[in-house]
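Engineer: Here you go, this is my_file_32.cif (mmCIF, C-alpha atoms and all ligand atoms).
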```cif
data_model
loop_
_atom_site.label_atom_id
_atom_site.label_comp_id
_atom_site.auth_asym_id
_atom_site.auth_seq_id
_atom_site.Cartn_x
_atom_site.Cartn_y
_atom_site.Cartn_z
CA MET A 1 156.06 134.38 170.38
CA GLU A 2 152.55 134.57 171.74
CA ASP A 3 149.69 132.30 170.75
CA VAL A 4 147.31 134.41 168.66
CA ILE A 5 145.09 131.60 167.43
CA SER A 6 144.41 128.56 169.58
CA GLU A 7 141.97 126.44 167.52
CA MET A 8 142.32 124.19 164.48
CA PHE A 9 142.72 126.59 161.60
CA ARG A 10 144.31 126.31 158.16
CA ILE A 11 145.85 129.44 156.70
CA ALA A 12 147.26 129.14 153.20
CA VAL A 13 149.90 131.62 152.08
CA ALA A 14 149.87 131.96 148.31
CA SER A 15 150.96 134.35 145.58
CA GLY A 16 150.12 134.67 141.94
CA LYS A 17 153.82 134.77 141.11
CA GLY A 18 157.12 133.75 142.62
CA GLY A 19 159.49 136.14 144.37
CA THR A 20 156.91 138.18 146.24
CA GLY A 21 158.04 137.09 149.72
CA LYS A 22 155.44 134.34 150.19
CA THR A 23 157.74 132.12 152.24
CA CYS A 24 158.88 135.10 154.32
CA VAL A 25 155.22 135.66 155.22
CA ALA A 26 154.55 131.94 155.82
CA SER A 27 157.54 131.56 158.14
CA SER A 28 156.66 134.76 160.00
CA LEU A 29 153.03 133.70 160.42
CA ALA A 30 154.05 130.25 161.69
CA LEU A 31 156.36 131.82 164.27
CA MET A 32 153.72 134.33 165.31
CA ALA A 33 151.05 131.63 165.58
CA GLY A 34 153.06 129.96 168.33
CA GLN A 35 151.80 126.40 168.63
CA ALA A 36 151.43 125.61 164.94
CA VAL A 37 152.26 123.26 162.11
CA ALA A 38 154.17 124.89 159.27
CA VAL A 39 153.34 122.95 156.12
CA ASP A 40 155.56 123.45 153.10
CA VAL A 41 153.77 122.28 149.96
CA ASP A 42 155.85 124.38 147.58
CA VAL A 43 157.11 120.91 146.73
CA GLU A 44 159.31 121.77 143.77
CA GLU A 45 161.56 123.93 145.91
CA PRO A 46 160.59 123.75 149.58
CA ASN A 47 162.56 126.22 151.72
CA LEU A 48 160.27 127.10 154.61
CA ALA A 49 162.39 125.03 157.03
CA ILE A 50 165.45 127.13 156.17
CA LEU A 51 163.71 130.33 157.23
CA LEU A 52 162.45 128.60 160.35
CA GLY A 53 165.99 127.46 161.14
CA VAL A 54 165.00 123.81 161.45
CA ASP A 55 166.94 120.73 160.33
CA MET A 56 164.57 118.37 158.59
CA LYS A 57 164.65 114.59 158.76
CA HIS A 58 163.28 112.12 156.24
CA HIS A 59 159.84 111.03 157.44
CA LEU A 60 158.46 108.84 154.68
CA ASP A 61 158.53 108.20 150.94
CA VAL A 62 155.50 109.25 148.91
CA THR A 63 154.47 106.71 146.31
CA VAL A 64 151.85 106.39 143.59
CA PRO A 65 150.63 103.17 141.95
CA LEU A 66 152.33 102.22 138.69
CA PRO A 67 150.62 99.73 136.36
CA VAL A 68 152.42 96.53 135.40
CA ILE A 69 151.32 94.55 132.33
CA ASN A 70 151.05 90.81 132.76
CA GLU A 71 151.96 89.59 129.27
CA ASP A 72 150.60 86.10 129.99
CA LYS A 73 147.12 87.55 130.34
CA CYS A 74 147.23 90.55 127.98
CA GLN A 75 145.31 90.11 124.71
CA LYS A 76 146.59 93.42 123.21
CA CYS A 77 143.05 94.74 122.90
CA GLY A 78 144.22 98.35 123.40
CA LYS A 79 141.50 99.37 125.87
CA CYS A 80 144.03 100.47 128.48
CA ALA A 81 145.77 102.87 126.08
CA GLU A 82 142.42 104.23 124.88
CA ALA A 83 141.31 104.89 128.44
CA CYS A 84 144.48 106.61 129.66
CA ARG A 85 143.83 110.36 129.60
CA PHE A 86 147.47 111.15 130.30
CA GLY A 87 149.02 109.47 127.27
CA ALA A 88 151.01 107.28 129.62
CA MET A 89 150.01 103.96 128.05
CA THR A 90 150.91 103.27 124.41
CA ILE A 91 150.85 100.28 122.12
CA PHE A 92 153.20 100.09 119.13
CA GLY A 93 152.12 97.73 116.35
CA ASP A 94 151.42 94.28 117.69
CA LYS A 95 153.51 94.78 120.85
CA TYR A 96 152.27 94.69 124.44
CA PRO A 97 151.31 98.03 126.04
CA LEU A 98 154.12 100.19 127.37
CA VAL A 99 153.77 102.41 130.44
CA ASN A 100 155.57 105.75 130.48
CA SER A 101 156.15 106.15 134.22
CA SER A 102 156.94 109.86 134.00
CA LEU A 103 153.51 110.56 132.44
CA CYS A 104 151.53 108.08 134.57
CA ASN A 105 149.77 109.67 137.55
CA GLY A 106 148.68 106.39 139.08
CA CYS A 107 144.96 106.94 138.55
CA GLY A 108 144.31 103.20 138.11
CA THR A 109 141.90 103.60 135.18
CA CYS A 110 143.82 101.21 132.92
CA SER A 111 143.61 98.34 135.38
CA ILE A 112 139.87 98.96 135.86
CA VAL A 113 139.09 98.89 132.12
CA CYS A 114 141.25 95.89 131.25
CA PRO A 115 138.79 93.10 130.36
CA TYR A 116 141.39 90.38 131.02
CA SER A 117 142.67 91.51 134.44
CA ALA A 118 146.10 91.76 132.87
CA ILE A 119 147.19 94.86 134.79
CA THR A 120 148.46 94.80 138.36
CA GLU A 121 150.13 97.65 140.23
CA THR A 122 153.43 98.29 141.89
CA GLU A 123 154.46 101.42 143.83
CA ARG A 124 156.64 104.19 142.41
CA VAL A 125 158.37 106.72 144.66
CA VAL A 126 157.54 110.28 143.50
CA GLY A 127 158.90 112.24 146.42
CA GLU A 128 159.35 112.39 150.15
CA LEU A 129 157.93 113.96 153.22
CA ASN A 130 160.33 115.47 155.74
CA TYR A 131 159.64 116.43 159.35
CA GLY A 132 161.25 118.74 161.89
CA GLU A 133 160.34 120.63 165.03
CA GLU A 134 161.49 123.62 166.98
CA GLY A 135 159.87 124.20 170.36
CA SER A 136 156.11 124.13 169.88
CA LEU A 137 156.42 124.51 166.11
CA LYS A 138 156.20 121.42 163.93
CA ILE A 139 157.27 121.49 160.28
CA LEU A 140 156.19 119.19 157.49
CA GLU A 141 157.82 119.50 154.09
CA GLY A 142 156.76 117.81 150.87
CA CYS A 143 159.55 117.38 148.36
CA LEU A 144 158.97 116.32 144.76
CA GLN A 145 161.52 113.93 143.27
CA VAL A 146 163.53 115.35 140.37
CA GLY A 147 162.00 114.31 137.04
CA VAL A 148 158.48 113.84 138.42
CA TYR A 149 156.03 116.38 137.01
CA ASN A 150 152.88 115.68 139.01
CA ALA A 151 153.11 117.47 142.35
CA ILE A 152 149.58 116.69 143.52
CA PRO A 153 150.20 113.33 145.27
CA ILE A 154 152.97 114.89 147.41
CA ILE A 155 150.86 117.93 148.23
CA GLU A 156 147.88 115.75 149.22
CA LYS A 157 150.05 113.45 151.33
CA THR A 158 151.73 116.36 153.12
CA LEU A 159 148.41 118.07 153.88
CA ASN A 160 146.87 114.78 155.04
CA GLU A 161 149.81 114.15 157.36
CA ALA A 162 149.40 117.64 158.85
CA GLU A 163 145.78 116.81 159.74
CA LYS A 164 147.13 114.70 162.60
CA TRP A 165 147.65 117.89 164.56
CA ASP A 166 144.58 119.77 165.69
CA THR A 167 146.14 123.21 165.78
CA THR A 168 146.92 126.15 163.48
CA HIS A 169 148.34 125.09 160.12
CA VAL A 170 150.28 127.63 158.09
CA ILE A 171 150.51 126.29 154.55
CA ASP A 172 153.19 127.63 152.22
CA CYS A 173 151.69 127.00 148.76
CA SER A 174 153.33 126.75 145.35
CA PRO A 175 153.50 130.10 143.52
CA GLY A 176 151.21 130.67 140.55
CA THR A 177 147.61 129.62 140.06
CA SER A 178 147.90 126.14 138.55
CA CYS A 179 146.86 122.78 140.06
CA PRO A 180 149.47 122.69 142.90
CA MET A 181 148.32 126.07 144.21
CA VAL A 182 144.64 125.13 143.90
CA ALA A 183 145.21 121.78 145.67
CA ALA A 184 146.75 123.53 148.68
CA VAL A 185 144.51 126.60 148.82
CA GLY A 186 141.42 124.41 148.43
CA ARG A 187 142.02 122.95 151.92
CA ALA A 188 142.38 126.32 153.64
CA ASP A 189 139.99 128.18 155.93
CA TYR A 190 141.64 131.47 155.03
CA VAL A 191 144.07 132.56 152.32
CA VAL A 192 146.77 135.20 152.59
CA LEU A 193 147.80 136.46 149.16
CA VAL A 194 151.25 138.04 149.07
CA THR A 195 151.95 140.51 146.31
CA GLU A 196 153.98 143.55 145.38
CA PRO A 197 152.60 146.76 143.86
CA THR A 198 153.98 146.38 140.36
CA PRO A 199 152.13 145.76 137.09
CA PHE A 200 153.31 142.12 137.15
CA GLY A 201 152.30 141.76 140.77
CA LEU A 202 148.83 143.12 140.07
CA ALA A 203 148.29 140.92 137.02
CA ASP A 204 149.18 137.78 138.96
CA LEU A 205 147.24 138.88 142.03
CA ALA A 206 144.15 139.21 139.83
CA LEU A 207 144.55 135.56 138.79
CA ALA A 208 145.09 134.40 142.37
CA LEU A 209 142.06 136.36 143.59
CA THR A 210 139.96 134.78 140.85
CA VAL A 211 140.95 131.28 142.03
CA VAL A 212 140.30 132.06 145.69
CA SER A 213 137.01 133.76 144.88
CA ASP A 214 135.88 130.77 142.78
CA LEU A 215 136.73 128.48 145.68
CA GLY A 216 134.73 130.70 148.03
CA ILE A 217 137.49 131.01 150.63
CA PRO A 218 137.92 134.26 152.59
CA ALA A 219 141.17 136.04 151.80
CA GLY A 220 143.29 139.06 152.60
CA VAL A 221 146.27 140.66 150.90
CA VAL A 222 149.73 141.42 152.24
CA VAL A 223 151.74 143.84 150.14
CA ASN A 224 155.47 143.28 150.32
CA ARG A 225 157.98 145.92 149.23
CA ALA A 226 155.01 148.27 149.34
CA ASP A 227 157.13 151.29 148.44
CA LEU A 228 157.68 149.98 144.91
CA SER A 229 155.68 151.96 142.41
CA GLY A 230 153.75 150.94 139.34
CA GLY A 231 150.47 149.54 140.51
CA ASP A 232 147.42 150.57 142.52
CA LEU A 233 145.90 147.56 144.31
CA GLY A 234 142.82 149.46 145.48
CA PRO A 235 140.46 148.85 142.52
CA LEU A 236 141.42 145.17 142.25
CA CYS A 237 140.93 144.47 145.95
CA LYS A 238 137.62 146.34 145.86
CA LYS A 239 136.45 144.29 142.88
CA PHE A 240 137.06 141.03 144.79
CA GLY A 241 135.91 142.39 148.16
CA VAL A 242 139.21 141.78 149.94
CA ASP A 243 141.29 144.08 152.12
CA VAL A 244 144.96 144.88 152.18
CA ILE A 245 145.73 143.75 155.72
CA ALA A 246 149.32 144.92 155.83
CA SER A 247 151.76 146.85 153.67
CA LEU A 248 155.42 146.18 154.34
CA PRO A 249 157.99 148.57 152.89
CA PHE A 250 161.33 147.36 151.60
CA SER A 251 163.70 146.79 154.49
CA ARG A 252 167.43 146.30 154.08
CA GLN A 253 167.43 144.52 157.43
CA VAL A 254 164.82 142.03 156.18
CA ALA A 255 166.71 141.49 152.93
CA LYS A 256 169.92 140.76 154.83
CA ALA A 257 168.11 138.40 157.20
CA TYR A 258 166.47 136.58 154.29
CA ALA A 259 169.85 136.15 152.61
CA SER A 260 171.08 134.54 155.82
CA GLY A 261 168.05 132.23 156.08
CA ILE A 262 166.38 134.16 158.91
CA SER A 263 162.67 134.86 158.96
CA PRO A 264 161.78 138.59 158.73
CA ILE A 265 159.68 138.48 161.88
CA LYS A 266 162.83 137.89 163.91
CA VAL A 267 164.43 141.15 162.80
CA ASP A 268 161.69 143.65 161.95
CA ALA A 269 159.00 145.00 164.29
CA ASN A 270 156.85 145.97 161.27
CA TRP A 271 156.62 142.32 160.36
CA GLN A 272 155.59 141.38 163.89
CA GLU A 273 152.75 143.89 163.83
CA ALA A 274 151.72 142.85 160.34
CA MET A 275 151.59 139.13 161.16
CA LYS A 276 149.55 139.81 164.28
CA LYS A 277 147.06 141.72 162.12
CA VAL A 278 146.91 138.91 159.58
CA LEU A 279 146.20 136.26 162.21
CA ASN A 280 143.55 138.43 163.87
CA ARG A 281 141.92 139.16 160.50
CA ALA A 282 141.93 135.48 159.62
CA GLU A 283 140.31 134.63 162.92
CA GLU A 284 137.64 137.32 162.44
CA ALA A 285 136.85 135.98 158.96
CA LEU A 286 135.84 132.64 160.45
CA GLN A 287 133.53 134.02 163.09
S1 LIG A 301 143.43 96.41 128.31
FE1 LIG A 301 144.43 94.63 129.21
S2 LIG A 301 144.36 93.08 127.65
FE2 LIG A 301 143.91 95.02 126.64
S3 LIG A 301 145.92 95.73 125.90
FE3 LIG A 301 145.61 96.62 127.91
S4 LIG A 301 146.56 95.17 129.33
FE4 LIG A 301 146.31 94.11 127.41
S1 LIG A 302 147.40 104.47 135.94
FE1 LIG A 302 146.20 106.09 134.91
S2 LIG A 302 147.76 107.47 134.11
FE2 LIG A 302 148.82 105.56 134.61
S3 LIG A 302 148.84 104.44 132.70
FE3 LIG A 302 147.03 103.78 133.84
S4 LIG A 302 145.37 105.09 133.10
FE4 LIG A 302 147.29 106.04 132.48
#
```
Let me see the file written as structure tokens.
Ligand code: SF4
Ligand code: SF4
Structural biologist:
Amino acid sequence: MEDVISEMFRIAVASGKGGTGKTCVASSLALMAGQAVAVDVDVEEPNLAILLGVDMKHHLDVTVPLPVINEDKCQKCGKCAEACRFGAMTIFGDKYPLVNSSLCNGCGTCSIVCPYSAITETERVVGELNYGEEGSLKILEGCLQVGVYNAIPIIEKTLNEAEKWDTTHVIDCSPGTSCPMVAAVGRADYVVLVTEPTPFGLADLALALTVVSDLGIPAGVVVNRADLSGGDLGPLCKKFGVDVIASLPFSRQVAKAYASGISPIKVDANWQEAMKKVLNRAEEALQ
């Protein structure tokens, strides 16, 4: 595939809801971009590497600090539990404080407020970062450990690791509009919002556009399965001042390719044209 963009550039691919074809677009954009880093921060279920046909290898563990109470020093004053905004530190009766590791996000506040320096920290593994490459394409994948609820440390670590490469980054974000999506989109120079023209698609696109607009990041919309009926995107896009860059009709060929773990751009000329348009539009938005 040709190089469309040659400078450092972060394009986030997001969607207000799951199942719109976000990862199909992210994989296609990464392949079209040529020399690029594909960054999968949909950390609860990363699958970008599958569509890129790349075997991933463990790169590093992602850890967060976990407080440890030194009972020799602790005076059971309760300040640590009072200060913890995540309800991760509790004190029952006259016992020493207990840390709930699944609620703790490693913010370190408890050790700062402890007047007796009774709290030290150890490291807790919350996920891993995997790496793979295929030709000029590099792939980084953040993967949240089962049972861990806070995705932000993995997302931040994955995005930080990608910064090592001064090239185009295509970031596959978590679906929805909660903290994981905002953390990934917030780093982007341009956001591609993938949607489908249904009432649900429109409702979730409105939320995603609100987030992107509040962040002040230029954006464009790609409509997947554009021949579905039930929603007119025109008024919504007009309201937020964004364009529909490409509309991709349902394609049996694409559906079959997706089911086999093949990126749509490899099988459908419409997708090739659409991704070229998206990259060009993203580049224009930064000029
Ligand atoms: S703030 Fe320090 S001394 Fe007070 S209960 Fe917590 S660990 Fe113990
Ligand atoms: S590190 Fe932060 S979240 Fe964890 S127990 Fe301490 S204050 Fe609470």
Engineer: Which polymer residues have any atom within 7 Å of an atom of stretch 169-180 of chain A, counting all atoms listed in the file, with same-chain residues fewer than 2 positions away left out, as a ChimeraX atom specification?
Structural biologist: /A:9-18,23,26,30,36-42,151-152,167,182-184,207-208
Engineer: Next, the residues of the selection above should be written as a short mmCIF file (atom, residue, chain, number, x, y, z; two decimals), in the frame of the given file with C-alpha atoms.
Structural biologist:
```
data_model
loop_
_atom_site.label_atom_id
_atom_site.label_comp_id
_atom_site.auth_asym_id
_atom_site.auth_seq_id
_atom_site.Cartn_x
_atom_site.Cartn_y
_atom_site.Cartn_z
CA PHE A 9 142.72 126.59 161.60
CA ARG A 10 144.31 126.31 158.16
CA ILE A 11 145.85 129.44 156.70
CA ALA A 12 147.26 129.14 153.20
CA VAL A 13 149.90 131.62 152.08
CA ALA A 14 149.87 131.96 148.31
CA SER A 15 150.96 134.35 145.58
CA GLY A 16 150.12 134.67 141.94
CA LYS A 17 153.82 134.77 141.11
CA GLY A 18 157.12 133.75 142.62
CA THR A 23 157.74 132.12 152.24
CA ALA A 26 154.55 131.94 155.82
CA ALA A 30 154.05 130.25 161.69
CA ALA A 36 151.43 125.61 164.94
CA VAL A 37 152.26 123.26 162.11
CA ALA A 38 154.17 124.89 159.27
CA VAL A 39 153.34 122.95 156.12
CA ASP A 40 155.56 123.45 153.10
CA VAL A 41 153.77 122.28 149.96
CA ASP A 42 155.85 124.38 147.58
CA ALA A 151 153.11 117.47 142.35
CA ILE A 152 149.58 116.69 143.52
CA THR A 167 146.14 123.21 165.78
CA VAL A 182 144.64 125.13 143.90
CA ALA A 183 145.21 121.78 145.67
CA ALA A 184 146.75 123.53 148.68
CA LEU A 207 144.55 135.56 138.79
CA ALA A 208 145.09 134.40 142.37
#
```
Engineer: Each residue of stretch 119-164 of chain A with at least one atom at most 12 Å from stretch 69-91 of chain A should appear once, together with its nearest atom pair and the corresponding distance in Å (one decimal); atoms considered: only C-alpha atoms; ordering: chain, then increasing residue number; output as CSV.
Structural biologist:
```
residue,atom,partner,partner_atom,distance
A:Ile119,CA,A:Ile69,CA,4.8
A:Thr120,CA,A:Ile69,CA,6.7
A:Glu121,CA,A:Ile69,CA,8.6
A:Thr122,CA,A:Ile69,CA,10.5
A:Asn150,CA,A:Phe86,CA,11.2
```
Engineer: Write out as a PDB file with C-alpha atoms, keeping the file's coordinate frame the residues lying within 10 Å of A:Gly142, counting only C-alpha atoms and excluding same-chain residues fewer than 2 positions away.
Structural biologist:
```pdb
ATOM      1  CA  VAL A  39     153.340 122.950 156.120  1.00  0.00           C
ATOM      2  CA  ASP A  40     155.560 123.450 153.100  1.00  0.00           C
ATOM      3  CA  VAL A  41     153.770 122.280 149.960  1.00  0.00           C
ATOM      4  CA  ASP A  42     155.850 124.380 147.580  1.00  0.00           C
ATOM      5  CA  VAL A  43     157.110 120.910 146.730  1.00  0.00           C
ATOM      6  CA  GLU A  44     159.310 121.770 143.770  1.00  0.00           C
ATOM      7  CA  GLU A  45     161.560 123.930 145.910  1.00  0.00           C
ATOM      8  CA  PRO A  46     160.590 123.750 149.580  1.00  0.00           C
ATOM      9  CA  HIS A  59     159.840 111.030 157.440  1.00  0.00           C
ATOM     10  CA  LEU A  60     158.460 108.840 154.680  1.00  0.00           C
ATOM     11  CA  ASP A  61     158.530 108.200 150.940  1.00  0.00           C
ATOM     12  CA  VAL A  62     155.500 109.250 148.910  1.00  0.00           C
ATOM     13  CA  GLY A 127     158.900 112.240 146.420  1.00  0.00           C
ATOM     14  CA  GLU A 128     159.350 112.390 150.150  1.00  0.00           C
ATOM     15  CA  LEU A 129     157.930 113.960 153.220  1.00  0.00           C
ATOM     16  CA  ASN A 130     160.330 115.470 155.740  1.00  0.00           C
ATOM     17  CA  TYR A 131     159.640 116.430 159.350  1.00  0.00           C
ATOM     18  CA  LEU A 140     156.190 119.190 157.490  1.00  0.00           C
ATOM     19  CA  LEU A 144     158.970 116.320 144.760  1.00  0.00           C
ATOM     20  CA  GLN A 145     161.520 113.930 143.270  1.00  0.00           C
ATOM     21  CA  ALA A 151     153.110 117.470 142.350  1.00  0.00           C
ATOM     22  CA  PRO A 153     150.200 113.330 145.270  1.00  0.00           C
ATOM     23  CA  ILE A 154     152.970 114.890 147.410  1.00  0.00           C
ATOM     24  CA  ILE A 155     150.860 117.930 148.230  1.00  0.00           C
ATOM     25  CA  GLU A 156     147.880 115.750 149.220  1.00  0.00           C
ATOM     26  CA  LYS A 157     150.050 113.450 151.330  1.00  0.00           C
ATOM     27  CA  THR A 158     151.730 116.360 153.120  1.00  0.00           C
ATOM     28  CA  LEU A 159     148.410 118.070 153.880  1.00  0.00           C
TER      29      LEU A 159
END
```
Engineer: Which residue out of A:Tyr190, A:Ile245, A:Val126, A:Lys22 has the minimum interatomic distance to A:Lys276 when only C-alpha atoms are used?
Structural biologist: A:Ile245
Engineer: Can you tell me which residues surround stretch 211-214 of chain A at a distance of at most 9 Å, considering all atoms listed in the file, apart from same-chain residues fewer than 2 positions away, and format the answer as a list in words?
Structural biologist: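 After dropping sequence-adjacent residues, the list is Thr177, Val182, Val185, Gly186, Val191, Ala206, Leu207, Ala208, Leu209, Gly216, Ile217, Pro218, Ala219 and Phe240 of chain A.
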Engineer: For A:Gly201, which residue among A:Gly220, A:Gly231, A:Pro249, A:Gly108 is the nearest when counting only C-alpha atoms?
Structural biologist: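 Comparing A:Gly220, A:Gly231, A:Pro249, A:Gly108 against A:Gly201, the winner is A:Gly231.
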Engineer: Between atom CA of A:Glu141 and atom CA of A:Gly53, measure the distance and give it in Å to one decimal.
Structural biologist: 13.4 Å
Engineer: How would stretch 71-87 of chain A read, as a compact mmCIF listing (two decimals), in the frame of the given file, once N, CA and C atoms are built in?
Structural biologist:
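What ended up in result.txt:
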```txt
# COMPACT_ATOMS: atom_id res chain seq x y z
N GLU A 71 152.00 89.98 130.70
CA GLU A 71 151.96 89.59 129.27
C GLU A 71 151.32 88.22 129.07
N ASP A 72 151.27 87.41 130.11
CA ASP A 72 150.60 86.10 129.99
C ASP A 72 149.09 86.27 129.84
N LYS A 73 148.57 87.34 130.40
CA LYS A 73 147.12 87.55 130.34
C LYS A 73 146.70 88.55 129.26
N CYS A 74 147.59 89.47 128.90
CA CYS A 74 147.23 90.55 127.98
C CYS A 74 146.87 90.02 126.58
N GLN A 75 145.77 90.51 126.06
CA GLN A 75 145.31 90.11 124.71
C GLN A 75 145.53 91.24 123.70
N LYS A 76 146.25 92.28 124.09
CA LYS A 76 146.59 93.42 123.21
C LYS A 76 145.34 94.08 122.62
N CYS A 77 144.29 94.17 123.42
CA CYS A 77 143.05 94.74 122.90
C CYS A 77 143.11 96.27 122.79
N GLY A 78 144.03 96.90 123.52
CA GLY A 78 144.22 98.35 123.40
C GLY A 78 143.32 99.20 124.28
N LYS A 79 142.44 98.57 125.06
CA LYS A 79 141.50 99.37 125.87
C LYS A 79 142.22 100.22 126.93
N CYS A 80 143.31 99.72 127.44
CA CYS A 80 144.03 100.47 128.48
C CYS A 80 144.59 101.77 127.89
N ALA A 81 145.19 101.68 126.71
CA ALA A 81 145.77 102.87 126.08
C ALA A 81 144.68 103.87 125.69
N GLU A 82 143.55 103.35 125.23
CA GLU A 82 142.42 104.23 124.88
C GLU A 82 141.91 104.99 126.10
N ALA A 83 141.90 104.29 127.24
CA ALA A 83 141.31 104.89 128.44
C ALA A 83 142.23 105.85 129.16
N CYS A 84 143.54 105.76 128.91
CA CYS A 84 144.48 106.61 129.66
C CYS A 84 144.41 108.05 129.14
N ARG A 85 143.98 108.95 130.01
CA ARG A 85 143.83 110.36 129.60
C ARG A 85 145.16 111.12 129.65
N PHE A 86 146.20 110.45 130.12
CA PHE A 86 147.47 111.15 130.30
C PHE A 86 148.51 110.73 129.26
N GLY A 87 148.09 109.91 128.31
CA GLY A 87 149.02 109.47 127.27
C GLY A 87 150.17 108.65 127.83
```
